[in-house]
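Input: a single structure, listed below in structure tokens.
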Amino acid sequence: MEEIKITSNCKVVIIGGSAGSLNALMQILPELIKINDFALVIVLHRKSTDDQTLEDLITLKSNIKVKSVEDKVPLLPGFIYIAPSNYHLLFEKDGILALDTSEKINYSRPSIDVSFESAAEVYGSSLIGILLSGSNSDGTVGLRAIKEAGGITVAQNPLSAEMPFMPNNAILYSNPDYILNIQEILHFIASINME
Amino acid sequence: MIEDIELEILINEVYEYYGFDFGSYSRASLKRRVNRVFQLDGFTNFPEFLSKVRSDPEYYKRMVDEITVNVTEMFRDPAFYNVLRNQILPLLGTKPFIRLWHAGCSTGEEVYSMAIMLKEAGLLHKSLIYATDINATVLETAKKGIFPLRMMKEYSQNYRDAGGQEDFSSYYTANYGIAKFNGELAEKMVFSQHNLVSDTSFNEFDLILCRNVLIYFDADLQKRVINLFDESLAVLGFLALGTKETIKYSIAPGKYKQLDKDKIWRKLK
């Protein structure tokens, strides 16, 4: 396992994923007891007609409270937020979430790139971006934006991913700080702001 | 890519030169949209872009058309249309005449969806649907009732999920990649340009639909627009918003009653 620097002053952790990522999340979220002073935002590719099933599933499996995302809700530390289906999730400078129904990006709405780029603009070095399994190139441009803004980036180890294409693409084109398997991602998240 | 300060300069200049106020638009989305048109049109520096917007009214119009989001679909959120069909239309049907307003109708997909439902409920003949948008270009598309044929598979599925039981393809004629919706659906539609930011109420309605428009506005403007809807809504009329929007920060409690969990409110007084 790679040596992981202890990260502090993290305000937001944003996780993106597509095919195969729900399975990875289901191994991570039930094991997290609490999150230390940051908000956890999850952006998964999902069917446009999926109303609430992803929110319900994560609420059921997680110890951390899921706040439902509506237009202009504040992003608060200690909670999980899930990008709703058929909207892009954006971040405003004053710490609130915004939604957008504009064109799909990378055939996706929500798009991981859109949320990553928007979060990078607002949270800069206090942002950590994690990209999980998937078979689409969404997320690579976003991880690069997070890194350029001073944040920390993580790609799931493609060998541990059901669909390696997405993290692999990010590793090739965004040079993430860490490449971690599922257990390591869990430990990484649990160690944030712990010094 | 333009900077935050440049976006503010653009907003001010557009207001000064053209009187259009983007100042109350939600910044995260607005900045993405402006960057998109900036890149799409091959600009490399902000002053050049700004000077084009200032000096060329045609280009200004293009910019506004491009930054306002015009993505829409027929029967978006089928569950919402199911509630309209089963709970709202039967109530409206008791009236001798039904007036509806689609505010921010874009290219009209939801207006045609509504007309189909009114027709199936036997109410279209006594309905009048006002459909407005700030963008004149999208209204031209909406008037024609012509949508891409490739979308029909998805729309037909949405229609069935929304409780539709007819043959969806009977509502349009397919031709060279386009679907032209039957003229009788459009007979009860009135399209006109209306700016929610600066224009006033123009009629009284029984149902106002404004879905996924308020998300682009800040809290103050949302409040103003919801009050504009309130002024334009008959007592016991309905206001329908997008699935992630709410009136609860804008209207005194007790004045409206929400239908279960759906984003439909009934005006009580």
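In the structure tokens, the first chain shown is A, the next is B, and so on; residue numbers restart at 1 for each chain, and ligands run from 1 in the order shown.
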Please return as a list of chain:residue names: the residues of stretch 123-195 of chain B that backbone DSSP assigns to alpha helix (DSSP H).
B:Ala136, B:Thr137, B:Val138, B:Leu139, B:Glu140, B:Thr141, B:Ala142, B:Lys143, B:Lys144, B:Met152, B:Lys153, B:Glu154, B:Tyr155, B:Ser156, B:Gln157, B:Asn158, B:Tyr159, B:Arg160, B:Asp161, B:Gly183, B:Glu184, B:Leu185, B:Ala186
Could you list the residues in chain A lying within 10 Å of chain B, using only C-alpha atoms, and format the result as a ChimeraX atom specification?
/A:48-51,68-72,84,86-93,97-104,114,117-119,121-122
Write out as a CSV table (one decimal) with N, CA, C and O atoms, in the first residue's frame which residues come within 12 Å of B:Asp21 when counting only C-alpha atoms, dropping same-chain ones fewer than 6 positions away.
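Output contents, as saved in part-v2.csv:
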```
chain,number,residue,atom,x,y,z
B,8,GLU,N,-18.8,39.4,-13.9
B,8,GLU,CA,-19.5,40.5,-13.3
B,8,GLU,C,-19.5,41.7,-14.2
B,8,GLU,O,-20.5,42.4,-14.4
B,10,LEU,N,-19.3,41.6,-17.5
B,10,LEU,CA,-20.2,41.2,-18.6
B,10,LEU,C,-21.7,41.5,-18.2
B,10,LEU,O,-22.5,42.1,-18.9
B,11,ILE,N,-22.1,41.0,-16.9
B,11,ILE,CA,-23.4,41.2,-16.4
B,11,ILE,C,-23.8,42.7,-16.4
B,11,ILE,O,-24.8,43.1,-16.9
B,12,ASN,N,-22.8,43.5,-15.9
B,12,ASN,CA,-23.1,45.0,-15.9
B,12,ASN,C,-23.2,45.6,-17.2
B,12,ASN,O,-24.1,46.4,-17.5
B,13,GLU,N,-22.3,45.2,-18.1
B,13,GLU,CA,-22.3,45.8,-19.5
B,13,GLU,C,-23.6,45.4,-20.2
B,13,GLU,O,-24.2,46.2,-20.9
B,14,VAL,N,-24.0,44.2,-20.1
B,14,VAL,CA,-25.2,43.7,-20.7
B,14,VAL,C,-26.4,44.5,-20.2
B,14,VAL,O,-27.3,44.9,-21.0
B,15,TYR,N,-26.4,44.8,-18.9
B,15,TYR,CA,-27.5,45.5,-18.3
B,15,TYR,C,-27.5,47.0,-18.9
B,15,TYR,O,-28.6,47.5,-19.2
B,64,VAL,N,-27.3,35.4,-25.6
B,64,VAL,CA,-28.4,35.2,-24.6
B,64,VAL,C,-29.1,33.8,-24.9
B,64,VAL,O,-29.4,33.0,-24.0
B,195,ASN,N,-40.4,37.9,-20.1
B,195,ASN,CA,-39.2,37.8,-19.3
B,195,ASN,C,-39.6,37.8,-17.9
B,195,ASN,O,-40.2,38.7,-17.3
B,196,LEU,N,-39.4,36.6,-17.2
B,196,LEU,CA,-39.8,36.5,-15.8
B,196,LEU,C,-39.0,37.5,-14.9
B,196,LEU,O,-39.5,37.8,-13.8
B,197,VAL,N,-37.9,38.0,-15.4
B,197,VAL,CA,-37.1,38.9,-14.5
B,197,VAL,C,-37.7,40.3,-14.5
B,197,VAL,O,-37.7,40.9,-13.5
B,198,SER,N,-38.3,40.7,-15.6
B,198,SER,CA,-38.7,42.1,-15.7
B,198,SER,C,-40.2,42.3,-16.1
B,198,SER,O,-40.7,43.4,-15.9
B,199,ASP,N,-40.8,41.3,-16.7
B,199,ASP,CA,-42.2,41.5,-17.1
B,199,ASP,C,-43.2,41.2,-16.0
B,199,ASP,O,-42.9,40.5,-15.0
B,217,PHE,N,-32.0,30.9,-11.0
B,217,PHE,CA,-32.1,32.2,-10.3
B,217,PHE,C,-31.7,32.1,-8.9
B,217,PHE,O,-31.7,31.1,-8.2
B,221,LEU,N,-34.5,36.5,-6.6
B,221,LEU,CA,-35.3,36.5,-7.9
B,221,LEU,C,-36.3,35.4,-7.8
B,221,LEU,O,-37.4,35.5,-8.3
```
Using DSSP on the backbone, list every residue of chain A that comes out as strand (DSSP E), and give them as a ChimeraX atom specification.
/A:12-17,39-44,66-67,80-82,88-91,97-100,127-131,152-156,178-180
Shell of 6 Å around A:Ala39, only C-alpha atoms, local chain residues under 2 positions omitted, as a PDB file with N, CA and C atoms, in the first residue's frame:
```pdb
ATOM      1  N   VAL A  12     -14.549  19.315   1.471  1.00  0.00           N
ATOM      2  CA  VAL A  12     -15.447  18.501   0.650  1.00  0.00           C
ATOM      3  C   VAL A  12     -14.681  17.330   0.038  1.00  0.00           C
ATOM      4  N   LEU A  76     -23.286  21.093   4.037  1.00  0.00           N
ATOM      5  CA  LEU A  76     -22.830  21.115   5.430  1.00  0.00           C
ATOM      6  C   LEU A  76     -21.907  19.942   5.718  1.00  0.00           C
ATOM      7  N   PRO A  77     -20.886  20.174   6.557  1.00  0.00           N
ATOM      8  CA  PRO A  77     -19.987  19.079   6.917  1.00  0.00           C
ATOM      9  C   PRO A  77     -20.720  18.001   7.707  1.00  0.00           C
ATOM     10  N   GLY A  78     -20.269  16.753   7.544  1.00  0.00           N
ATOM     11  CA  GLY A  78     -20.854  15.661   8.321  1.00  0.00           C
ATOM     12  C   GLY A  78     -21.998  14.944   7.632  1.00  0.00           C
ATOM     13  N   PHE A  79     -22.317  15.361   6.412  1.00  0.00           N
ATOM     14  CA  PHE A  79     -23.437  14.735   5.705  1.00  0.00           C
ATOM     15  C   PHE A  79     -23.024  14.244   4.316  1.00  0.00           C
TER      16      PHE A  79
END
```
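Neighbouring residues of stretch 248-253 of chain B at 8 Å or closer, counting only C-alpha atoms and skipping chain neighbours under 3 positions away, are Gln222, Lys223, Ile226, Asn227 and Tyr256 of chain B.
Using only C-alpha atoms, the smallest distance between any of B:Gly237, B:Ile9, B:Phe147, B:Val37 and B:Leu89 comes from B:Gly237.
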Near-B:Phe168 list (12 Å; only C-alpha atoms; drop same-chain fewer than 4 positions) as a PDB file with all heavy atoms, in the first residue's frame:
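Listing of part.pdb after writing:
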```
ATOM      1  N   MET B  74     -40.151  15.726 -23.718  1.00  0.00           N
ATOM      2  CA  MET B  74     -41.582  15.466 -23.545  1.00  0.00           C
ATOM      3  C   MET B  74     -41.781  14.549 -22.345  1.00  0.00           C
ATOM      4  O   MET B  74     -41.020  13.607 -22.142  1.00  0.00           O
ATOM      5  CB  MET B  74     -42.177  14.824 -24.803  1.00  0.00           C
ATOM      6  CG  MET B  74     -42.219  15.799 -25.972  1.00  0.00           C
ATOM      7  SD  MET B  74     -43.137  15.172 -27.402  1.00  0.00           S
ATOM      8  CE  MET B  74     -44.835  15.441 -26.868  1.00  0.00           C
ATOM      9  N   PHE B  75     -42.780  14.849 -21.560  1.00  0.00           N
ATOM     10  CA  PHE B  75     -43.123  14.059 -20.378  1.00  0.00           C
ATOM     11  C   PHE B  75     -41.908  13.831 -19.468  1.00  0.00           C
ATOM     12  O   PHE B  75     -41.703  12.741 -18.958  1.00  0.00           O
ATOM     13  CB  PHE B  75     -43.768  12.719 -20.775  1.00  0.00           C
ATOM     14  CG  PHE B  75     -45.062  12.888 -21.515  1.00  0.00           C
ATOM     15  CD1 PHE B  75     -45.107  12.825 -22.901  1.00  0.00           C
ATOM     16  CD2 PHE B  75     -46.247  13.131 -20.822  1.00  0.00           C
ATOM     17  CE1 PHE B  75     -46.307  12.991 -23.584  1.00  0.00           C
ATOM     18  CE2 PHE B  75     -47.447  13.298 -21.506  1.00  0.00           C
ATOM     19  CZ  PHE B  75     -47.477  13.231 -22.881  1.00  0.00           C
ATOM     20  N   SER B 113     -46.746  17.992 -24.538  1.00  0.00           N
ATOM     21  CA  SER B 113     -47.095  16.902 -23.615  1.00  0.00           C
ATOM     22  C   SER B 113     -48.409  17.231 -22.917  1.00  0.00           C
ATOM     23  O   SER B 113     -49.300  16.389 -22.774  1.00  0.00           O
ATOM     24  CB  SER B 113     -46.001  16.715 -22.557  1.00  0.00           C
ATOM     25  OG  SER B 113     -44.736  16.567 -23.158  1.00  0.00           O
ATOM     26  N   ILE B 116     -51.429  16.954 -25.198  1.00  0.00           N
ATOM     27  CA  ILE B 116     -51.810  15.548 -25.391  1.00  0.00           C
ATOM     28  C   ILE B 116     -52.642  15.064 -24.205  1.00  0.00           C
ATOM     29  O   ILE B 116     -53.686  14.422 -24.365  1.00  0.00           O
ATOM     30  CB  ILE B 116     -50.545  14.669 -25.579  1.00  0.00           C
ATOM     31  CG1 ILE B 116     -49.936  14.921 -26.962  1.00  0.00           C
ATOM     32  CG2 ILE B 116     -50.876  13.177 -25.396  1.00  0.00           C
ATOM     33  CD1 ILE B 116     -48.588  14.257 -27.190  1.00  0.00           C
ATOM     34  N   MET B 117     -52.209  15.437 -23.005  1.00  0.00           N
ATOM     35  CA  MET B 117     -52.957  14.983 -21.827  1.00  0.00           C
ATOM     36  C   MET B 117     -54.330  15.629 -21.747  1.00  0.00           C
ATOM     37  O   MET B 117     -55.305  14.987 -21.359  1.00  0.00           O
ATOM     38  CB  MET B 117     -52.156  15.253 -20.555  1.00  0.00           C
ATOM     39  CG  MET B 117     -50.936  14.360 -20.488  1.00  0.00           C
ATOM     40  SD  MET B 117     -50.537  13.912 -18.831  1.00  0.00           S
ATOM     41  CE  MET B 117     -50.659  15.470 -18.102  1.00  0.00           C
ATOM     42  N   GLU B 120     -56.567  13.875 -24.208  1.00  0.00           N
ATOM     43  CA  GLU B 120     -56.993  12.552 -23.742  1.00  0.00           C
ATOM     44  C   GLU B 120     -58.015  12.653 -22.613  1.00  0.00           C
ATOM     45  O   GLU B 120     -58.828  11.757 -22.423  1.00  0.00           O
ATOM     46  CB  GLU B 120     -55.770  11.727 -23.309  1.00  0.00           C
ATOM     47  CG  GLU B 120     -54.905  11.368 -24.512  1.00  0.00           C
ATOM     48  CD  GLU B 120     -53.696  10.508 -24.168  1.00  0.00           C
ATOM     49  OE1 GLU B 120     -53.508  10.178 -22.981  1.00  0.00           O
ATOM     50  OE2 GLU B 120     -52.945  10.163 -25.099  1.00  0.00           O
ATOM     51  N   MET B 152     -38.149  10.214 -30.354  1.00  0.00           N
ATOM     52  CA  MET B 152     -39.505   9.698 -30.159  1.00  0.00           C
ATOM     53  C   MET B 152     -39.552   8.388 -29.367  1.00  0.00           C
ATOM     54  O   MET B 152     -40.521   8.134 -28.662  1.00  0.00           O
ATOM     55  CB  MET B 152     -40.224   9.538 -31.507  1.00  0.00           C
ATOM     56  CG  MET B 152     -40.528  10.872 -32.160  1.00  0.00           C
ATOM     57  SD  MET B 152     -41.448  11.997 -31.064  1.00  0.00           S
ATOM     58  CE  MET B 152     -40.520  13.514 -31.274  1.00  0.00           C
ATOM     59  N   LYS B 153     -38.495   7.594 -29.474  1.00  0.00           N
ATOM     60  CA  LYS B 153     -38.489   6.336 -28.732  1.00  0.00           C
ATOM     61  C   LYS B 153     -38.530   6.618 -27.232  1.00  0.00           C
ATOM     62  O   LYS B 153     -39.334   6.048 -26.490  1.00  0.00           O
ATOM     63  CB  LYS B 153     -37.235   5.532 -29.105  1.00  0.00           C
ATOM     64  CG  LYS B 153     -37.232   4.136 -28.548  1.00  0.00           C
ATOM     65  CD  LYS B 153     -36.204   3.253 -29.251  1.00  0.00           C
ATOM     66  CE  LYS B 153     -36.060   1.940 -28.526  1.00  0.00           C
ATOM     67  NZ  LYS B 153     -34.884   1.852 -27.677  1.00  0.00           N
ATOM     68  N   GLU B 154     -37.669   7.549 -26.816  1.00  0.00           N
ATOM     69  CA  GLU B 154     -37.615   7.918 -25.403  1.00  0.00           C
ATOM     70  C   GLU B 154     -38.924   8.594 -24.953  1.00  0.00           C
ATOM     71  O   GLU B 154     -39.466   8.290 -23.891  1.00  0.00           O
ATOM     72  CB  GLU B 154     -36.429   8.867 -25.197  1.00  0.00           C
ATOM     73  CG  GLU B 154     -36.112   9.173 -23.754  1.00  0.00           C
ATOM     74  CD  GLU B 154     -34.954  10.188 -23.635  1.00  0.00           C
ATOM     75  OE1 GLU B 154     -34.062  10.195 -24.515  1.00  0.00           O
ATOM     76  OE2 GLU B 154     -34.969  10.963 -22.666  1.00  0.00           O
ATOM     77  N   TYR B 155     -39.438   9.510 -25.797  1.00  0.00           N
ATOM     78  CA  TYR B 155     -40.665  10.221 -25.434  1.00  0.00           C
ATOM     79  C   TYR B 155     -41.853   9.271 -25.343  1.00  0.00           C
ATOM     80  O   TYR B 155     -42.730   9.428 -24.492  1.00  0.00           O
ATOM     81  CB  TYR B 155     -40.967  11.326 -26.458  1.00  0.00           C
ATOM     82  CG  TYR B 155     -39.973  12.467 -26.460  1.00  0.00           C
ATOM     83  CD1 TYR B 155     -39.982  13.428 -27.467  1.00  0.00           C
ATOM     84  CD2 TYR B 155     -39.009  12.586 -25.446  1.00  0.00           C
ATOM     85  CE1 TYR B 155     -39.083  14.475 -27.479  1.00  0.00           C
ATOM     86  CE2 TYR B 155     -38.097  13.629 -25.456  1.00  0.00           C
ATOM     87  CZ  TYR B 155     -38.135  14.571 -26.480  1.00  0.00           C
ATOM     88  OH  TYR B 155     -37.240  15.607 -26.504  1.00  0.00           O
ATOM     89  N   SER B 156     -41.852   8.296 -26.240  1.00  0.00           N
ATOM     90  CA  SER B 156     -42.951   7.342 -26.247  1.00  0.00           C
ATOM     91  C   SER B 156     -42.911   6.508 -24.955  1.00  0.00           C
ATOM     92  O   SER B 156     -43.956   6.215 -24.344  1.00  0.00           O
ATOM     93  CB  SER B 156     -42.806   6.499 -27.506  1.00  0.00           C
ATOM     94  OG  SER B 156     -43.418   5.285 -27.369  1.00  0.00           O
ATOM     95  N   GLN B 157     -41.702   6.185 -24.506  1.00  0.00           N
ATOM     96  CA  GLN B 157     -41.553   5.472 -23.234  1.00  0.00           C
ATOM     97  C   GLN B 157     -42.001   6.356 -22.058  1.00  0.00           C
ATOM     98  O   GLN B 157     -42.748   5.912 -21.185  1.00  0.00           O
ATOM     99  CB  GLN B 157     -40.084   5.047 -23.040  1.00  0.00           C
ATOM    100  CG  GLN B 157     -39.822   4.243 -21.770  1.00  0.00           C
ATOM    101  CD  GLN B 157     -40.585   2.927 -21.759  1.00  0.00           C
ATOM    102  OE1 GLN B 157     -40.544   2.174 -22.733  1.00  0.00           O
ATOM    103  NE2 GLN B 157     -41.311   2.651 -20.672  1.00  0.00           N
ATOM    104  N   ASN B 158     -41.560   7.624 -22.072  1.00  0.00           N
ATOM    105  CA  ASN B 158     -42.004   8.563 -21.034  1.00  0.00           C
ATOM    106  C   ASN B 158     -43.527   8.662 -21.009  1.00  0.00           C
ATOM    107  O   ASN B 158     -44.142   8.691 -19.941  1.00  0.00           O
ATOM    108  CB  ASN B 158     -41.446   9.973 -21.296  1.00  0.00           C
ATOM    109  CG  ASN B 158     -39.981  10.108 -20.896  1.00  0.00           C
ATOM    110  OD1 ASN B 158     -39.393   9.185 -20.342  1.00  0.00           O
ATOM    111  ND2 ASN B 158     -39.394  11.260 -21.174  1.00  0.00           N
ATOM    112  N   TYR B 159     -44.114   8.752 -22.212  1.00  0.00           N
ATOM    113  CA  TYR B 159     -45.566   8.885 -22.337  1.00  0.00           C
ATOM    114  C   TYR B 159     -46.271   7.689 -21.694  1.00  0.00           C
ATOM    115  O   TYR B 159     -47.217   7.848 -20.923  1.00  0.00           O
ATOM    116  CB  TYR B 159     -45.920   8.999 -23.824  1.00  0.00           C
ATOM    117  CG  TYR B 159     -47.384   8.814 -24.159  1.00  0.00           C
ATOM    118  CD1 TYR B 159     -48.307   9.817 -23.878  1.00  0.00           C
ATOM    119  CD2 TYR B 159     -47.847   7.631 -24.747  1.00  0.00           C
ATOM    120  CE1 TYR B 159     -49.661   9.654 -24.176  1.00  0.00           C
ATOM    121  CE2 TYR B 159     -49.178   7.459 -25.058  1.00  0.00           C
ATOM    122  CZ  TYR B 159     -50.087   8.467 -24.765  1.00  0.00           C
ATOM    123  OH  TYR B 159     -51.414   8.281 -25.049  1.00  0.00           O
ATOM    124  N   ARG B 160     -45.771   6.498 -21.974  1.00  0.00           N
ATOM    125  CA  ARG B 160     -46.385   5.298 -21.371  1.00  0.00           C
ATOM    126  C   ARG B 160     -46.186   5.293 -19.860  1.00  0.00           C
ATOM    127  O   ARG B 160     -47.097   4.990 -19.099  1.00  0.00           O
ATOM    128  CB  ARG B 160     -45.824   4.024 -21.996  1.00  0.00           C
ATOM    129  CG  ARG B 160     -46.472   3.694 -23.337  1.00  0.00           C
ATOM    130  CD  ARG B 160     -46.145   2.265 -23.789  1.00  0.00           C
ATOM    131  NE  ARG B 160     -44.712   2.062 -23.942  1.00  0.00           N
ATOM    132  CZ  ARG B 160     -44.042   2.388 -25.043  1.00  0.00           C
ATOM    133  NH1 ARG B 160     -44.660   2.928 -26.075  1.00  0.00           N
ATOM    134  NH2 ARG B 160     -42.743   2.163 -25.120  1.00  0.00           N
ATOM    135  N   ASP B 161     -44.957   5.686 -19.416  1.00  0.00           N
ATOM    136  CA  ASP B 161     -44.704   5.741 -17.973  1.00  0.00           C
ATOM    137  C   ASP B 161     -45.604   6.781 -17.290  1.00  0.00           C
ATOM    138  O   ASP B 161     -45.857   6.697 -16.092  1.00  0.00           O
ATOM    139  CB  ASP B 161     -43.233   6.091 -17.688  1.00  0.00           C
ATOM    140  CG  ASP B 161     -42.290   4.963 -18.097  1.00  0.00           C
ATOM    141  OD1 ASP B 161     -42.773   3.832 -18.321  1.00  0.00           O
ATOM    142  OD2 ASP B 161     -41.075   5.218 -18.208  1.00  0.00           O
ATOM    143  N   ALA B 162     -46.018   7.772 -18.065  1.00  0.00           N
ATOM    144  CA  ALA B 162     -46.888   8.814 -17.515  1.00  0.00           C
ATOM    145  C   ALA B 162     -48.350   8.413 -17.604  1.00  0.00           C
ATOM    146  O   ALA B 162     -49.244   9.237 -17.457  1.00  0.00           O
ATOM    147  CB  ALA B 162     -46.657  10.128 -18.268  1.00  0.00           C
ATOM    148  N   GLY B 163     -48.623   7.162 -17.904  1.00  0.00           N
ATOM    149  CA  GLY B 163     -49.992   6.662 -17.927  1.00  0.00           C
ATOM    150  C   GLY B 163     -50.671   6.761 -19.284  1.00  0.00           C
ATOM    151  O   GLY B 163     -51.867   6.506 -19.395  1.00  0.00           O
ATOM    152  N   GLY B 164     -49.932   7.124 -20.319  1.00  0.00           N
ATOM    153  CA  GLY B 164     -50.509   7.241 -21.651  1.00  0.00           C
ATOM    154  C   GLY B 164     -50.840   5.868 -22.223  1.00  0.00           C
ATOM    155  O   GLY B 164     -50.053   4.939 -22.082  1.00  0.00           O
ATOM    156  N   TYR B 172     -48.038  12.315 -34.157  1.00  0.00           N
ATOM    157  CA  TYR B 172     -47.142  13.056 -35.051  1.00  0.00           C
ATOM    158  C   TYR B 172     -46.998  12.347 -36.389  1.00  0.00           C
ATOM    159  O   TYR B 172     -47.371  11.194 -36.540  1.00  0.00           O
ATOM    160  CB  TYR B 172     -45.766  13.241 -34.395  1.00  0.00           C
ATOM    161  CG  TYR B 172     -45.036  11.948 -34.070  1.00  0.00           C
ATOM    162  CD1 TYR B 172     -44.283  11.260 -35.040  1.00  0.00           C
ATOM    163  CD2 TYR B 172     -45.086  11.409 -32.787  1.00  0.00           C
ATOM    164  CE1 TYR B 172     -43.614  10.085 -34.731  1.00  0.00           C
ATOM    165  CE2 TYR B 172     -44.431  10.228 -32.466  1.00  0.00           C
ATOM    166  CZ  TYR B 172     -43.696   9.575 -33.450  1.00  0.00           C
ATOM    167  OH  TYR B 172     -43.045   8.403 -33.139  1.00  0.00           O
ATOM    168  N   THR B 173     -46.467  13.099 -37.329  1.00  0.00           N
ATOM    169  CA  THR B 173     -46.154  12.534 -38.631  1.00  0.00           C
ATOM    170  C   THR B 173     -44.635  12.524 -38.772  1.00  0.00           C
ATOM    171  O   THR B 173     -43.995  13.556 -38.592  1.00  0.00           O
ATOM    172  CB  THR B 173     -46.760  13.415 -39.746  1.00  0.00           C
ATOM    173  OG1 THR B 173     -48.126  13.650 -39.420  1.00  0.00           O
ATOM    174  CG2 THR B 173     -46.666  12.725 -41.089  1.00  0.00           C
ATOM    175  N   ALA B 174     -44.085  11.373 -39.051  1.00  0.00           N
ATOM    176  CA  ALA B 174     -42.632  11.251 -39.164  1.00  0.00           C
ATOM    177  C   ALA B 174     -42.202  11.521 -40.595  1.00  0.00           C
ATOM    178  O   ALA B 174     -42.844  11.079 -41.547  1.00  0.00           O
ATOM    179  CB  ALA B 174     -42.192   9.854 -38.748  1.00  0.00           C
ATOM    180  N   ALA B 179     -40.273  14.779 -36.393  1.00  0.00           N
ATOM    181  CA  ALA B 179     -41.629  14.397 -36.029  1.00  0.00           C
ATOM    182  C   ALA B 179     -42.441  15.678 -35.936  1.00  0.00           C
ATOM    183  O   ALA B 179     -42.132  16.561 -35.132  1.00  0.00           O
ATOM    184  CB  ALA B 179     -41.634  13.661 -34.695  1.00  0.00           C
ATOM    185  N   PHE B 181     -45.785  17.351 -34.916  1.00  0.00           N
ATOM    186  CA  PHE B 181     -46.964  17.047 -34.108  1.00  0.00           C
ATOM    187  C   PHE B 181     -48.230  17.614 -34.735  1.00  0.00           C
ATOM    188  O   PHE B 181     -48.203  18.657 -35.395  1.00  0.00           O
ATOM    189  CB  PHE B 181     -46.749  17.506 -32.657  1.00  0.00           C
ATOM    190  CG  PHE B 181     -45.959  16.475 -31.893  1.00  0.00           C
ATOM    191  CD1 PHE B 181     -44.598  16.310 -32.137  1.00  0.00           C
ATOM    192  CD2 PHE B 181     -46.590  15.599 -31.015  1.00  0.00           C
ATOM    193  CE1 PHE B 181     -43.883  15.303 -31.511  1.00  0.00           C
ATOM    194  CE2 PHE B 181     -45.878  14.603 -30.377  1.00  0.00           C
ATOM    195  CZ  PHE B 181     -44.515  14.446 -30.624  1.00  0.00           C
ATOM    196  N   ASN B 182     -49.336  16.877 -34.542  1.00  0.00           N
ATOM    197  CA  ASN B 182     -50.597  17.215 -35.190  1.00  0.00           C
ATOM    198  C   ASN B 182     -51.041  18.648 -34.865  1.00  0.00           C
ATOM    199  O   ASN B 182     -50.970  19.077 -33.713  1.00  0.00           O
ATOM    200  CB  ASN B 182     -51.696  16.248 -34.745  1.00  0.00           C
ATOM    201  CG  ASN B 182     -51.346  14.810 -35.096  1.00  0.00           C
ATOM    202  OD1 ASN B 182     -50.417  14.572 -35.885  1.00  0.00           O
ATOM    203  ND2 ASN B 182     -52.057  13.859 -34.511  1.00  0.00           N
TER     204      ASN B 182
END
```
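For the residues A:Glu31, A:Asp113, A:Asp177, A:Glu162, ranking by smallest atom-to-atom distance to A:Gly16 using only C-alpha atoms places A:Asp113 first.
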Neighbours of A:Leu159 within 12 Å (only C-alpha atoms; same-chain residues fewer than 3 positions away dropped), as an mmCIF file with N, CA and C atoms, in the first residue's frame?
```cif
data_model
loop_
_atom_site.group_PDB
_atom_site.id
_atom_site.type_symbol
_atom_site.label_atom_id
_atom_site.label_comp_id
_atom_site.auth_asym_id
_atom_site.auth_seq_id
_atom_site.Cartn_x
_atom_site.Cartn_y
_atom_site.Cartn_z
ATOM 1 N N LEU A 132 -14.124 6.415 -9.185
ATOM 2 C CA LEU A 132 -14.281 4.964 -9.056
ATOM 3 C C LEU A 132 -14.480 4.304 -10.422
ATOM 4 N N SER A 133 -14.900 3.081 -10.360
ATOM 5 C CA SER A 133 -15.132 2.236 -11.532
ATOM 6 C C SER A 133 -16.095 2.874 -12.543
ATOM 7 N N ALA A 155 -7.645 7.891 -7.838
ATOM 8 C CA ALA A 155 -8.362 7.021 -8.772
ATOM 9 C C ALA A 155 -8.405 5.621 -8.169
ATOM 10 N N GLN A 156 -9.531 4.960 -8.337
ATOM 11 C CA GLN A 156 -9.602 3.573 -7.879
ATOM 12 C C GLN A 156 -8.608 2.747 -8.696
ATOM 13 N N GLU A 162 -14.629 -3.041 -11.163
ATOM 14 C CA GLU A 162 -15.418 -3.904 -12.046
ATOM 15 C C GLU A 162 -15.264 -3.458 -13.493
ATOM 16 N N MET A 163 -15.281 -2.139 -13.686
ATOM 17 C CA MET A 163 -15.095 -1.551 -15.008
ATOM 18 C C MET A 163 -13.871 -0.645 -14.930
ATOM 19 N N PRO A 164 -12.713 -1.117 -15.408
ATOM 20 C CA PRO A 164 -11.471 -0.371 -15.189
ATOM 21 C C PRO A 164 -11.300 0.867 -16.070
ATOM 22 N N PHE A 165 -12.118 1.001 -17.132
ATOM 23 C CA PHE A 165 -11.833 2.050 -18.121
ATOM 24 C C PHE A 165 -11.749 3.445 -17.510
ATOM 25 N N MET A 166 -12.713 3.779 -16.664
ATOM 26 C CA MET A 166 -12.803 5.153 -16.158
ATOM 27 C C MET A 166 -11.604 5.529 -15.282
ATOM 28 N N PRO A 167 -11.273 4.720 -14.260
ATOM 29 C CA PRO A 167 -10.086 5.081 -13.465
ATOM 30 C C PRO A 167 -8.799 4.988 -14.295
ATOM 31 N N ASN A 168 -8.762 4.028 -15.210
ATOM 32 C CA ASN A 168 -7.587 3.874 -16.059
ATOM 33 C C ASN A 168 -7.355 5.124 -16.903
ATOM 34 N N ILE A 179 -3.461 6.024 -6.278
ATOM 35 C CA ILE A 179 -4.223 4.971 -6.957
ATOM 36 C C ILE A 179 -4.470 3.910 -5.892
ATOM 37 N N LEU A 180 -5.714 3.731 -5.492
ATOM 38 C CA LEU A 180 -6.013 2.925 -4.311
ATOM 39 C C LEU A 180 -7.074 1.875 -4.610
ATOM 40 N N ASN A 181 -6.944 0.724 -3.949
ATOM 41 C CA ASN A 181 -8.037 -0.230 -4.077
ATOM 42 C C ASN A 181 -9.153 0.122 -3.079
ATOM 43 N N ILE A 182 -10.210 -0.662 -3.065
ATOM 44 C CA ILE A 182 -11.402 -0.252 -2.313
ATOM 45 C C ILE A 182 -11.124 -0.101 -0.814
#
```
